[in-house]
file structure17.cif (mmCIF, C-alpha atoms, pLDDT in the B column; chains and numbers go by the auth columns)
data_data
#
loop_
_atom_site.group_PDB
_atom_site.id
_atom_site.type_symbol
_atom_site.label_atom_id
_atom_site.label_comp_id
_atom_site.label_asym_id
_atom_site.label_seq_id
_atom_site.Cartn_x
_atom_site.Cartn_y
_atom_site.Cartn_z
_atom_site.B_iso_or_equiv
_atom_site.auth_seq_id
_atom_site.auth_asym_id
ATOM 1 C CA MET A 1 4.348 30.845 17.285 49.00 30 A
ATOM 2 C CA THR A 2 0.574 30.722 16.945 50.00 31 A
ATOM 3 C CA GLY A 3 -1.413 27.853 15.545 51.00 32 A
ATOM 4 C CA SER A 4 -1.875 29.627 12.213 55.00 33 A
ATOM 5 C CA ASP A 5 1.901 30.083 11.927 61.00 34 A
ATOM 6 C CA VAL A 6 2.657 26.360 12.226 65.00 35 A
ATOM 7 C CA PRO A 7 3.544 25.027 8.758 69.00 36 A
ATOM 8 C CA PRO A 8 1.279 22.216 7.515 89.00 37 A
ATOM 9 C CA SER A 9 2.502 18.629 7.697 95.00 38 A
ATOM 10 C CA PHE A 10 1.044 15.174 7.200 98.00 39 A
ATOM 11 C CA ARG A 11 1.666 12.085 9.328 98.00 40 A
ATOM 12 C CA LEU A 12 1.068 8.691 7.777 98.00 41 A
ATOM 13 C CA ALA A 13 0.988 5.524 9.884 98.00 42 A
ATOM 14 C CA TYR A 14 1.623 2.097 8.389 98.00 43 A
ATOM 15 C CA VAL A 15 1.559 -1.438 9.747 98.00 44 A
ATOM 16 C CA PRO A 16 4.262 -4.082 9.175 97.00 45 A
ATOM 17 C CA GLY A 17 4.379 -5.467 5.655 96.00 46 A
ATOM 18 C CA VAL A 18 2.887 -2.384 3.989 97.00 47 A
ATOM 19 C CA THR A 19 5.221 -0.434 1.700 95.00 48 A
ATOM 20 C CA PRO A 20 3.981 3.165 1.288 97.00 49 A
ATOM 21 C CA ALA A 21 6.933 4.386 -0.823 96.00 50 A
ATOM 22 C CA LYS A 22 4.933 4.796 -4.068 95.00 51 A
ATOM 23 C CA TRP A 23 2.308 7.038 -2.489 97.00 52 A
ATOM 24 C CA VAL A 24 4.894 9.012 -0.523 97.00 53 A
ATOM 25 C CA ARG A 25 6.797 9.755 -3.743 97.00 54 A
ATOM 26 C CA ILE A 26 3.657 11.084 -5.448 97.00 55 A
ATOM 27 C CA TRP A 27 2.876 13.225 -2.388 97.00 56 A
ATOM 28 C CA GLN A 28 6.341 14.786 -2.499 96.00 57 A
ATOM 29 C CA GLU A 29 5.910 15.585 -6.196 96.00 58 A
ATOM 30 C CA ARG A 30 2.484 17.177 -5.780 96.00 59 A
ATOM 31 C CA LEU A 31 2.869 18.868 -2.400 96.00 60 A
ATOM 32 C CA PRO A 32 6.586 19.625 -2.013 96.00 61 A
ATOM 33 C CA GLY A 33 5.859 22.286 0.592 95.00 62 A
ATOM 34 C CA VAL A 34 4.048 19.893 2.950 97.00 63 A
ATOM 35 C CA PRO A 35 6.394 17.383 4.618 97.00 64 A
ATOM 36 C CA LEU A 36 5.083 13.837 5.058 98.00 65 A
ATOM 37 C CA THR A 37 6.236 11.913 8.127 97.00 66 A
ATOM 38 C CA LEU A 38 5.965 8.121 8.267 98.00 67 A
ATOM 39 C CA VAL A 39 4.880 6.553 11.566 98.00 68 A
ATOM 40 C CA ALA A 40 5.576 2.822 11.927 98.00 69 A
ATOM 41 C CA VAL A 41 2.988 1.084 14.131 98.00 70 A
ATOM 42 C CA THR A 42 2.047 -2.490 14.959 96.00 71 A
ATOM 43 C CA ASP A 43 -1.333 -3.856 13.954 95.00 72 A
ATOM 44 C CA THR A 44 -2.531 -3.592 17.548 93.00 73 A
ATOM 45 C CA GLU A 45 -1.286 0.008 17.912 96.00 74 A
ATOM 46 C CA ALA A 46 -2.740 1.380 14.672 97.00 75 A
ATOM 47 C CA ALA A 47 -6.260 2.224 15.855 97.00 76 A
ATOM 48 C CA GLY A 48 -5.040 3.974 19.013 97.00 77 A
ATOM 49 C CA VAL A 49 -2.475 6.062 17.132 98.00 78 A
ATOM 50 C CA LEU A 50 -5.105 7.280 14.665 98.00 79 A
ATOM 51 C CA ARG A 51 -7.708 7.879 17.360 97.00 80 A
ATOM 52 C CA ASP A 52 -5.313 9.883 19.549 97.00 81 A
ATOM 53 C CA GLY A 53 -4.048 12.082 16.710 96.00 82 A
ATOM 54 C CA GLY A 54 -0.635 10.462 16.416 97.00 83 A
ATOM 55 C CA ALA A 55 -1.195 10.207 12.662 98.00 84 A
ATOM 56 C CA ASP A 56 -3.574 11.834 10.199 98.00 85 A
ATOM 57 C CA ALA A 57 -4.214 8.620 8.277 98.00 86 A
ATOM 58 C CA GLY A 58 -2.755 5.153 8.075 98.00 87 A
ATOM 59 C CA PHE A 59 -2.401 1.962 6.102 98.00 88 A
ATOM 60 C CA VAL A 60 -3.983 -0.675 8.358 98.00 89 A
ATOM 61 C CA ARG A 61 -5.428 -4.160 8.127 97.00 90 A
ATOM 62 C CA LEU A 62 -9.172 -4.615 8.225 97.00 91 A
ATOM 63 C CA PRO A 63 -11.441 -4.764 10.072 95.00 92 A
ATOM 64 C CA VAL A 64 -11.569 -1.339 11.727 96.00 93 A
ATOM 65 C CA ASP A 65 -14.234 0.235 13.926 96.00 94 A
ATOM 66 C CA ARG A 66 -16.490 1.820 11.282 95.00 95 A
ATOM 67 C CA THR A 67 -18.293 3.909 13.901 96.00 96 A
ATOM 68 C CA THR A 68 -15.029 5.822 14.429 96.00 97 A
ATOM 69 C CA PHE A 69 -12.932 5.353 11.293 98.00 98 A
ATOM 70 C CA SER A 70 -13.433 5.723 7.580 98.00 99 A
ATOM 71 C CA ALA A 71 -11.637 3.146 5.445 98.00 100 A
ATOM 72 C CA ILE A 72 -10.897 2.570 1.774 97.00 101 A
ATOM 73 C CA PRO A 73 -9.995 -1.092 1.057 97.00 102 A
ATOM 74 C CA LEU A 74 -6.949 -1.266 -1.220 97.00 103 A
ATOM 75 C CA TYR A 75 -5.957 -4.883 -1.780 97.00 104 A
ATOM 76 C CA THR A 76 -6.180 -8.423 -0.408 98.00 105 A
ATOM 77 C CA GLU A 77 -2.982 -10.259 0.475 98.00 106 A
ATOM 78 C CA THR A 78 -2.077 -13.838 -0.340 98.00 107 A
ATOM 79 C CA THR A 79 -1.780 -16.055 2.746 98.00 108 A
ATOM 80 C CA VAL A 80 1.335 -18.244 2.927 98.00 109 A
ATOM 81 C CA VAL A 81 2.866 -20.809 5.241 98.00 110 A
ATOM 82 C CA VAL A 82 6.465 -20.127 6.308 98.00 111 A
ATOM 83 C CA ILE A 83 8.519 -23.326 6.487 98.00 112 A
ATOM 84 C CA PRO A 84 12.154 -24.485 6.630 97.00 113 A
ATOM 85 C CA LYS A 85 13.637 -25.037 3.171 97.00 114 A
ATOM 86 C CA ASP A 86 13.951 -28.789 3.833 96.00 115 A
ATOM 87 C CA HIS A 87 10.262 -29.155 4.789 96.00 116 A
ATOM 88 C CA LEU A 88 8.260 -31.691 2.753 94.00 117 A
ATOM 89 C CA VAL A 89 5.775 -29.128 1.418 93.00 118 A
ATOM 90 C CA ALA A 90 8.615 -27.000 0.053 95.00 119 A
ATOM 91 C CA ALA A 91 8.568 -29.330 -2.947 95.00 120 A
ATOM 92 C CA VAL A 92 5.061 -28.222 -4.061 96.00 121 A
ATOM 93 C CA ASP A 93 3.745 -24.933 -5.490 96.00 122 A
ATOM 94 C CA GLU A 94 0.888 -24.449 -3.001 96.00 123 A
ATOM 95 C CA VAL A 95 -0.379 -25.998 0.215 96.00 124 A
ATOM 96 C CA SER A 96 -3.762 -26.796 1.750 96.00 125 A
ATOM 97 C CA ALA A 97 -4.645 -26.839 5.437 95.00 126 A
ATOM 98 C CA GLU A 98 -4.824 -30.630 5.266 95.00 127 A
ATOM 99 C CA ASP A 99 -1.155 -30.748 4.252 96.00 128 A
ATOM 100 C CA LEU A 100 -0.274 -29.175 7.627 96.00 129 A
ATOM 101 C CA ALA A 101 -2.255 -31.650 9.738 96.00 130 A
ATOM 102 C CA ASP A 102 0.863 -33.181 11.293 96.00 131 A
ATOM 103 C CA ASP A 103 2.718 -29.870 11.825 97.00 132 A
ATOM 104 C CA ILE A 104 2.742 -27.593 14.845 98.00 133 A
ATOM 105 C CA VAL A 105 1.265 -24.339 13.536 98.00 134 A
ATOM 106 C CA LEU A 106 2.437 -21.361 15.563 98.00 135 A
ATOM 107 C CA HIS A 107 -0.143 -18.718 16.484 97.00 136 A
ATOM 108 C CA PRO A 108 1.530 -15.452 17.599 97.00 137 A
ATOM 109 C CA LEU A 109 -0.377 -12.972 19.731 96.00 138 A
ATOM 110 C CA ASP A 110 -0.128 -10.311 16.997 95.00 139 A
ATOM 111 C CA ASP A 111 -1.612 -12.604 14.342 96.00 140 A
ATOM 112 C CA THR A 112 -3.503 -10.598 11.703 94.00 141 A
ATOM 113 C CA LEU A 113 -5.633 -13.433 10.278 96.00 142 A
ATOM 114 C CA ASP A 114 -9.204 -14.092 11.387 94.00 143 A
ATOM 115 C CA TRP A 115 -9.164 -17.838 12.028 94.00 144 A
ATOM 116 C CA GLU A 116 -12.166 -19.983 12.765 92.00 145 A
ATOM 117 C CA THR A 117 -10.027 -23.085 13.203 93.00 146 A
ATOM 118 C CA LEU A 118 -6.247 -22.975 13.029 94.00 147 A
ATOM 119 C CA PRO A 119 -4.795 -25.811 10.912 95.00 148 A
ATOM 120 C CA GLY A 120 -2.304 -28.345 12.247 97.00 149 A
ATOM 121 C CA ARG A 121 -1.479 -28.976 15.886 97.00 150 A
ATOM 122 C CA PRO A 122 -1.311 -26.100 18.412 94.00 151 A
ATOM 123 C CA ALA A 123 1.942 -25.174 20.148 95.00 152 A
ATOM 124 C CA ASN A 124 2.233 -25.285 23.936 94.00 153 A
ATOM 125 C CA GLU A 125 2.539 -21.496 24.053 96.00 154 A
ATOM 126 C CA ARG A 126 1.722 -18.645 21.697 97.00 155 A
ATOM 127 C CA PRO A 127 4.734 -16.553 20.625 97.00 156 A
ATOM 128 C CA ALA A 128 4.448 -12.876 21.550 96.00 157 A
ATOM 129 C CA THR A 129 5.138 -11.564 18.039 96.00 158 A
ATOM 130 C CA THR A 130 5.409 -12.706 14.451 97.00 159 A
ATOM 131 C CA ALA A 131 9.156 -12.047 14.611 97.00 160 A
ATOM 132 C CA ASP A 132 9.415 -14.458 17.568 97.00 161 A
ATOM 133 C CA ALA A 133 7.417 -17.063 15.642 98.00 162 A
ATOM 134 C CA ILE A 134 9.792 -16.765 12.670 98.00 163 A
ATOM 135 C CA GLU A 135 12.702 -17.579 14.969 98.00 164 A
ATOM 136 C CA LEU A 136 10.878 -20.691 16.170 98.00 165 A
ATOM 137 C CA VAL A 137 10.243 -21.826 12.603 98.00 166 A
ATOM 138 C CA ALA A 138 13.955 -21.448 11.874 98.00 167 A
ATOM 139 C CA ALA A 139 14.670 -23.576 14.982 97.00 168 A
ATOM 140 C CA GLY A 140 12.432 -26.349 13.644 96.00 169 A
ATOM 141 C CA VAL A 141 9.725 -25.924 16.302 97.00 170 A
ATOM 142 C CA GLY A 142 6.815 -25.478 13.886 97.00 171 A
ATOM 143 C CA VAL A 143 5.449 -23.586 10.877 98.00 172 A
ATOM 144 C CA LEU A 144 3.760 -20.194 10.633 98.00 173 A
ATOM 145 C CA VAL A 145 0.845 -18.922 8.537 98.00 174 A
ATOM 146 C CA VAL A 146 0.954 -15.184 7.719 98.00 175 A
ATOM 147 C CA PRO A 147 0.119 -12.674 4.966 98.00 176 A
ATOM 148 C CA GLN A 148 2.740 -12.834 2.227 98.00 177 A
ATOM 149 C CA SER A 149 3.989 -9.304 2.975 98.00 178 A
ATOM 150 C CA LEU A 150 4.998 -10.405 6.480 98.00 179 A
ATOM 151 C CA ALA A 151 6.788 -13.457 5.118 98.00 180 A
ATOM 152 C CA ARG A 152 8.790 -11.137 2.885 97.00 181 A
ATOM 153 C CA LEU A 153 9.411 -8.698 5.717 97.00 182 A
ATOM 154 C CA HIS A 154 10.906 -11.445 7.911 97.00 183 A
ATOM 155 C CA HIS A 155 12.769 -13.198 5.105 96.00 184 A
ATOM 156 C CA ARG A 156 15.592 -15.563 6.072 96.00 185 A
ATOM 157 C CA ARG A 157 17.851 -17.607 3.820 96.00 186 A
ATOM 158 C CA ASP A 158 17.042 -20.828 5.652 97.00 187 A
ATOM 159 C CA LEU A 159 13.269 -20.361 5.293 98.00 188 A
ATOM 160 C CA THR A 160 10.824 -20.272 2.394 98.00 189 A
ATOM 161 C CA TYR A 161 7.059 -20.008 2.017 98.00 190 A
ATOM 162 C CA ARG A 162 4.216 -21.408 -0.071 98.00 191 A
ATOM 163 C CA PRO A 163 0.657 -20.110 -0.707 98.00 192 A
ATOM 164 C CA LEU A 164 -1.966 -21.644 1.584 97.00 193 A
ATOM 165 C CA THR A 165 -5.118 -22.065 -0.486 95.00 194 A
ATOM 166 C CA ASP A 166 -7.837 -22.486 2.153 93.00 195 A
ATOM 167 C CA ALA A 167 -6.865 -19.878 4.768 96.00 196 A
ATOM 168 C CA PRO A 168 -8.362 -16.520 5.701 96.00 197 A
ATOM 169 C CA ARG A 169 -6.801 -13.511 3.994 97.00 198 A
ATOM 170 C CA SER A 170 -5.713 -10.105 5.184 97.00 199 A
ATOM 171 C CA ARG A 171 -7.097 -6.934 3.573 97.00 200 A
ATOM 172 C CA VAL A 172 -5.154 -3.678 3.673 98.00 201 A
ATOM 173 C CA ALA A 173 -6.966 -0.339 3.727 98.00 202 A
ATOM 174 C CA LEU A 174 -6.322 3.376 4.062 98.00 203 A
ATOM 175 C CA SER A 175 -8.063 4.534 7.232 98.00 204 A
ATOM 176 C CA TRP A 176 -8.501 7.790 9.164 98.00 205 A
ATOM 177 C CA PRO A 177 -10.780 9.173 11.908 97.00 206 A
ATOM 178 C CA GLU A 178 -14.112 10.018 10.286 95.00 207 A
ATOM 179 C CA ASP A 179 -14.418 13.332 12.153 96.00 208 A
ATOM 180 C CA ALA A 180 -10.905 14.419 11.085 96.00 209 A
ATOM 181 C CA THR A 181 -11.215 14.344 7.294 96.00 210 A
ATOM 182 C CA THR A 182 -8.976 17.343 6.665 96.00 211 A
ATOM 183 C CA ASP A 183 -7.958 18.860 3.323 96.00 212 A
ATOM 184 C CA LEU A 184 -4.609 17.063 3.537 97.00 213 A
ATOM 185 C CA VAL A 185 -6.377 13.751 4.149 97.00 214 A
ATOM 186 C CA GLU A 186 -8.486 14.440 1.047 97.00 215 A
ATOM 187 C CA ASP A 187 -5.292 15.104 -0.903 97.00 216 A
ATOM 188 C CA PHE A 188 -3.844 11.777 0.175 98.00 217 A
ATOM 189 C CA ILE A 189 -7.089 9.951 -0.629 97.00 218 A
ATOM 190 C CA GLY A 190 -6.841 11.363 -4.142 97.00 219 A
ATOM 191 C CA ILE A 191 -3.290 10.045 -4.486 97.00 220 A
ATOM 192 C CA VAL A 192 -4.219 6.577 -3.235 96.00 221 A
ATOM 193 C CA ARG A 193 -7.246 6.416 -5.531 95.00 222 A
ATOM 194 C CA GLY A 194 -5.025 7.272 -8.488 92.00 223 A
ATOM 195 C CA ARG A 195 -6.577 10.634 -9.312 88.00 224 A
ATOM 196 C CA THR A 196 -4.539 12.898 -11.529 81.00 225 A
ATOM 197 C CA VAL A 197 -3.314 16.262 -10.302 75.00 226 A
ATOM 198 C CA ASN A 198 -6.013 17.996 -12.405 69.00 227 A
ATOM 199 C CA SER A 199 -8.856 15.774 -11.222 64.00 228 A
ATOM 200 C CA THR A 200 -12.005 17.729 -10.399 45.00 229 A
ATOM 201 C CA ARG A 201 -12.404 15.637 -7.232 52.00 230 A
ATOM 202 C CA GLY A 202 -8.925 16.445 -5.970 52.00 231 A
ATOM 203 C CA ARG A 203 -8.251 19.507 -3.844 58.00 232 A
ATOM 204 C CA THR A 204 -4.929 20.461 -5.419 52.00 233 A
ATOM 205 C CA THR A 205 -4.703 21.415 -9.073 47.00 234 A
ATOM 206 C CA ALA A 206 -1.798 22.256 -11.294 44.00 235 A
ATOM 207 C CA PRO A 207 -1.603 25.856 -12.595 44.00 236 A
ATOM 208 C CA ALA A 208 -3.037 26.216 -16.082 44.00 237 A
ATOM 209 C CA GLU A 209 -0.556 26.912 -18.825 46.00 238 A
ATOM 210 C CA PRO A 210 -1.008 30.323 -20.527 49.00 239 A
ATOM 211 C CA LYS A 211 -2.562 30.162 -23.980 50.00 240 A
ATOM 212 C CA PRO A 212 -0.377 31.404 -26.836 52.00 241 A
ATOM 213 C CA SER A 213 -1.198 34.955 -27.994 51.00 242 A
ATOM 214 C CA LYS A 214 -2.842 35.366 -31.403 52.00 243 A
ATOM 215 C CA ARG A 215 -1.457 38.898 -31.875 52.00 244 A
ATOM 216 C CA ALA A 216 1.514 39.334 -34.175 49.00 245 A
ATOM 217 C CA PRO A 217 4.719 40.265 -32.353 50.00 246 A
ATOM 218 C CA ALA A 218 5.618 43.948 -32.332 50.00 247 A
ATOM 219 C CA GLY A 219 8.105 44.962 -35.027 49.00 248 A
ATOM 220 C CA GLY A 220 7.574 41.727 -36.912 47.00 249 A
ATOM 221 C CA ALA A 221 8.439 41.315 -40.574 48.00 250 A
ATOM 222 C CA ARG A 222 5.885 42.496 -43.103 51.00 251 A
ATOM 223 C CA ARG A 223 4.081 39.982 -45.237 51.00 252 A
ATOM 224 C CA LYS A 224 5.760 39.213 -48.546 51.00 253 A
ATOM 225 C CA PRO A 225 3.792 40.131 -51.660 50.00 254 A
ATOM 226 C CA ALA A 226 2.149 37.267 -53.477 50.00 255 A
ATOM 227 C CA ALA A 227 3.989 35.781 -56.400 51.00 256 A
ATOM 228 C CA GLY A 228 3.343 37.593 -59.694 50.00 257 A
ATOM 229 C CA LYS A 229 2.262 40.842 -57.999 48.00 258 A
ATOM 230 C CA THR A 230 4.225 44.091 -57.890 48.00 259 A
ATOM 231 C CA THR A 231 4.343 46.745 -55.286 46.00 260 A
ATOM 232 C CA GLY A 232 3.191 50.328 -55.779 47.00 261 A
ATOM 233 C CA LYS A 233 6.735 51.631 -56.273 45.00 262 A
ATOM 234 C CA THR A 234 7.470 49.393 -59.269 44.00 263 A
ATOM 235 C CA ALA A 235 4.043 49.421 -60.978 45.00 264 A
ATOM 236 C CA GLY A 236 4.147 50.592 -64.595 46.00 265 A
ATOM 237 C CA LYS A 237 7.923 50.117 -65.037 48.00 266 A
ATOM 238 C CA SER A 238 9.424 47.658 -67.409 46.00 267 A
ATOM 239 C CA PRO A 239 12.187 45.343 -66.308 43.00 268 A
ATOM 240 C CA ARG A 240 14.762 47.544 -68.103 48.00 269 A
ATOM 241 C CA GLY A 241 13.466 50.823 -66.686 46.00 270 A
ATOM 242 C CA GLY A 242 11.520 53.638 -68.301 46.00 271 A
ATOM 243 C CA ALA A 243 7.875 54.260 -67.736 44.00 272 A
ATOM 244 C CA GLY A 244 5.473 53.204 -70.432 44.00 273 A
ATOM 245 C CA GLY A 245 7.909 50.881 -72.236 43.00 274 A
ATOM 246 C CA ALA A 246 11.547 50.829 -73.334 44.00 275 A
ATOM 247 C CA LYS A 247 13.074 53.254 -75.840 46.00 276 A
ATOM 248 C CA GLY A 248 12.636 51.905 -79.318 45.00 277 A
ATOM 249 C CA GLY A 249 10.060 49.488 -78.202 46.00 278 A
ATOM 250 C CA LYS A 250 6.810 48.527 -79.877 47.00 279 A
ATOM 251 C CA GLY A 251 4.847 51.564 -81.185 46.00 280 A
ATOM 252 C CA ALA A 252 7.887 53.854 -81.590 46.00 281 A
ATOM 253 C CA LYS A 253 8.576 55.496 -85.088 48.00 282 A
ATOM 254 C CA SER A 254 11.740 54.462 -86.976 48.00 283 A
ATOM 255 C CA GLY A 255 13.879 56.310 -89.638 49.00 284 A
ATOM 256 C CA LYS A 256 14.620 60.042 -90.153 51.00 285 A
ATOM 257 C CA PRO A 257 11.943 62.689 -89.592 50.00 286 A
ATOM 258 C CA ARG A 258 10.417 64.332 -92.715 52.00 287 A
ATOM 259 C CA ARG A 259 11.562 67.739 -93.773 50.00 288 A
ATOM 260 C CA ARG A 260 8.781 70.287 -94.016 49.00 289 A
ATOM 261 C CA SER A 261 8.526 72.011 -97.405 42.00 290 A
#

call {"tool": "encode", "arguments": {"input": "structure17.cif", "output": "structure tokens"}}
result
Amino acid sequence: MTGSDVPPSFRLAYVPGVTPAKWVRIWQERLPGVPLTLVAVTDTEAAGVLRDGGADAGFVRLPVDRTTFSAIPLYTETTVVVIPKDHLVAAVDEVSAEDLADDIVLHPLDDTLDWETLPGRPANERPATTADAIELVAAGVGVLVVPQSLARLHHRRDLTYRPLTDAPRSRVALSWPEDATTDLVEDFIGIVRGRTVNSTRGRTTAPAEPKPSKRAPAGGARRKPAAGKTTGKTAGKSPRGGAGGAKGGKGAKSGKPRRRS
């Protein structure tokens, strides 16, 4: 099979916490003949997968190397602190960094937040992953600050979370290698930007519906004569028959004919 015979496909990478289902559904509706494959990657793997061609585009967290990748920022996540349900701050609606001053704040190696100064007290060791840090929070070792999507991803019944007001935030973007902006990448950009299928900026367009014909259908019924008008076959006839008026009508002579002398 040659390269031109290979059917088109699209590979979409996504980092933990991102839910691409909405965009995938729209893709399947608009391009049913082009399969879309999801590629789950960690935040640290994302750039390498895109750079090496393991995916055509991906949902990643900023920042990215703008000398290599194009990126469209999509949304900013709320930052939360994950705590045991019996923690003191579980009783309030939101938390500040000062409220965590006496807590051990875990800092996993795959942390996605750009900290200048981490709140609270540091742990003796950094957990390898966010999942490992969640287990430590459940064991009562400390608390964890993460984007809200990761708190939801690692949800446990014995844990809860509260918004942290004065913490850095994570921004999610659609990214792809700048020198590999293919037609399929353009199609996906259009979907993410919310363009309609008939958008002039999109590559794919829906077929135009045929306009209804103005010609009358063949063999159609003839037009009915207007009210009060007669057709050529009945013109000049009275309702009771007889051309020029009925027998004995107005203008006809009555009585016996005269005898000629």

call {"tool": "resolve_selection", "arguments": {"input": "structure17.cif", "expression": "the PyMOL selection byres ((chain A and resi 167-179) around 8)", "output": "PDB file with C-alpha atoms, keeping the file's coordinate frame"}}
result
ATOM      1  CA  PRO A  45       4.262  -4.082   9.175  1.00 97.00           C
ATOM      2  CA  GLY A  46       4.379  -5.467   5.655  1.00 96.00           C
ATOM      3  CA  VAL A  47       2.887  -2.384   3.989  1.00 97.00           C
ATOM      4  CA  GLU A 106      -2.982 -10.259   0.475  1.00 98.00           C
ATOM      5  CA  THR A 107      -2.077 -13.838  -0.340  1.00 98.00           C
ATOM      6  CA  THR A 108      -1.780 -16.055   2.746  1.00 98.00           C
ATOM      7  CA  VAL A 109       1.335 -18.244   2.927  1.00 98.00           C
ATOM      8  CA  VAL A 110       2.866 -20.809   5.241  1.00 98.00           C
ATOM      9  CA  VAL A 111       6.465 -20.127   6.308  1.00 98.00           C
ATOM     10  CA  ILE A 112       8.519 -23.326   6.487  1.00 98.00           C
ATOM     11  CA  PRO A 113      12.154 -24.485   6.630  1.00 97.00           C
ATOM     12  CA  ASP A 132       2.718 -29.870  11.825  1.00 97.00           C
ATOM     13  CA  ILE A 133       2.742 -27.593  14.845  1.00 98.00           C
ATOM     14  CA  VAL A 134       1.265 -24.339  13.536  1.00 98.00           C
ATOM     15  CA  LEU A 135       2.437 -21.361  15.563  1.00 98.00           C
ATOM     16  CA  HIS A 136      -0.143 -18.718  16.484  1.00 97.00           C
ATOM     17  CA  ASP A 140      -1.612 -12.604  14.342  1.00 96.00           C
ATOM     18  CA  THR A 141      -3.503 -10.598  11.703  1.00 94.00           C
ATOM     19  CA  LEU A 142      -5.633 -13.433  10.278  1.00 96.00           C
ATOM     20  CA  ALA A 152       1.942 -25.174  20.148  1.00 95.00           C
ATOM     21  CA  ALA A 162       7.417 -17.063  15.642  1.00 98.00           C
ATOM     22  CA  ILE A 163       9.792 -16.765  12.670  1.00 98.00           C
ATOM     23  CA  GLU A 164      12.702 -17.579  14.969  1.00 98.00           C
ATOM     24  CA  LEU A 165      10.878 -20.691  16.170  1.00 98.00           C
ATOM     25  CA  VAL A 166      10.243 -21.826  12.603  1.00 98.00           C
ATOM     26  CA  ALA A 180       6.788 -13.457   5.118  1.00 98.00           C
ATOM     27  CA  ARG A 181       8.790 -11.137   2.885  1.00 97.00           C
ATOM     28  CA  LEU A 182       9.411  -8.698   5.717  1.00 97.00           C
ATOM     29  CA  HIS A 183      10.906 -11.445   7.911  1.00 97.00           C
ATOM     30  CA  ASP A 187      17.042 -20.828   5.652  1.00 97.00           C
ATOM     31  CA  LEU A 188      13.269 -20.361   5.293  1.00 98.00           C
ATOM     32  CA  LEU A 193      -1.966 -21.644   1.584  1.00 97.00           C
ATOM     33  CA  ARG A 198      -6.801 -13.511   3.994  1.00 97.00           C
ATOM     34  CA  SER A 199      -5.713 -10.105   5.184  1.00 97.00           C
TER      35      SER A 199
END

call {"tool": "atom_distance", "arguments": {"input": "structure17.cif", "atom1": "atom CA of A:Ala157", "atom2": "atom CA of A:Gly83"}}
result
24.4 Å

call {"tool": "atom_distance", "arguments": {"input": "structure17.cif", "atom1": "atom CA of A:Arg222", "atom2": "atom CA of A:Ala202"}}
result
11.5 Å

call {"tool": "closest_residue", "arguments": {"input": "structure17.cif", "among": "A:Arg186, A:Val93, A:Leu203, A:Ile220", "to": "A:Arg54", "atoms": "only C-alpha atoms"}}
result
A:Ile220

call {"tool": "closest_residue", "arguments": {"input": "structure17.cif", "among": "A:Leu41, A:Leu147, A:Val201, A:Ala84", "to": "A:Trp56", "atoms": "all atoms listed in the file"}}
result
A:Leu41

call {"tool": "resolve_selection", "arguments": {"input": "structure17.cif", "expression": "the PyMOL selection byres ((chain A and resi 79) around 12)", "output": "number ranges by chain"}}
result
A: 40-43, 68-70, 72-78, 80-89, 93-94, 97-99, 203-210

call {"tool": "atom_distance", "arguments": {"input": "structure17.cif", "atom1": "atom CA of A:Leu129", "atom2": "atom CA of A:Gly149"}}
result
5.1 Å

call {"tool": "residues_around", "arguments": {"input": "structure17.cif", "residues": "A:Ser125", "least_positions_apart": "2", "cutoff": "6 Å", "atoms": "only C-alpha atoms", "output": "PyMOL selection string"}}
result
chain A and resi 127-128+193-195

call {"tool": "resolve_selection", "arguments": {"input": "structure17.cif", "expression": "the PyMOL selection byres ((chain A and resi 65) around 6)", "output": "number ranges by chain"}}
result
A: 39-40, 64, 66

call {"tool": "closest_residue", "arguments": {"input": "structure17.cif", "among": "A:Arg155, A:Arg95, A:Arg90, A:Arg185", "to": "A:Asp143", "atoms": "only C-alpha atoms"}}
result
A:Arg90
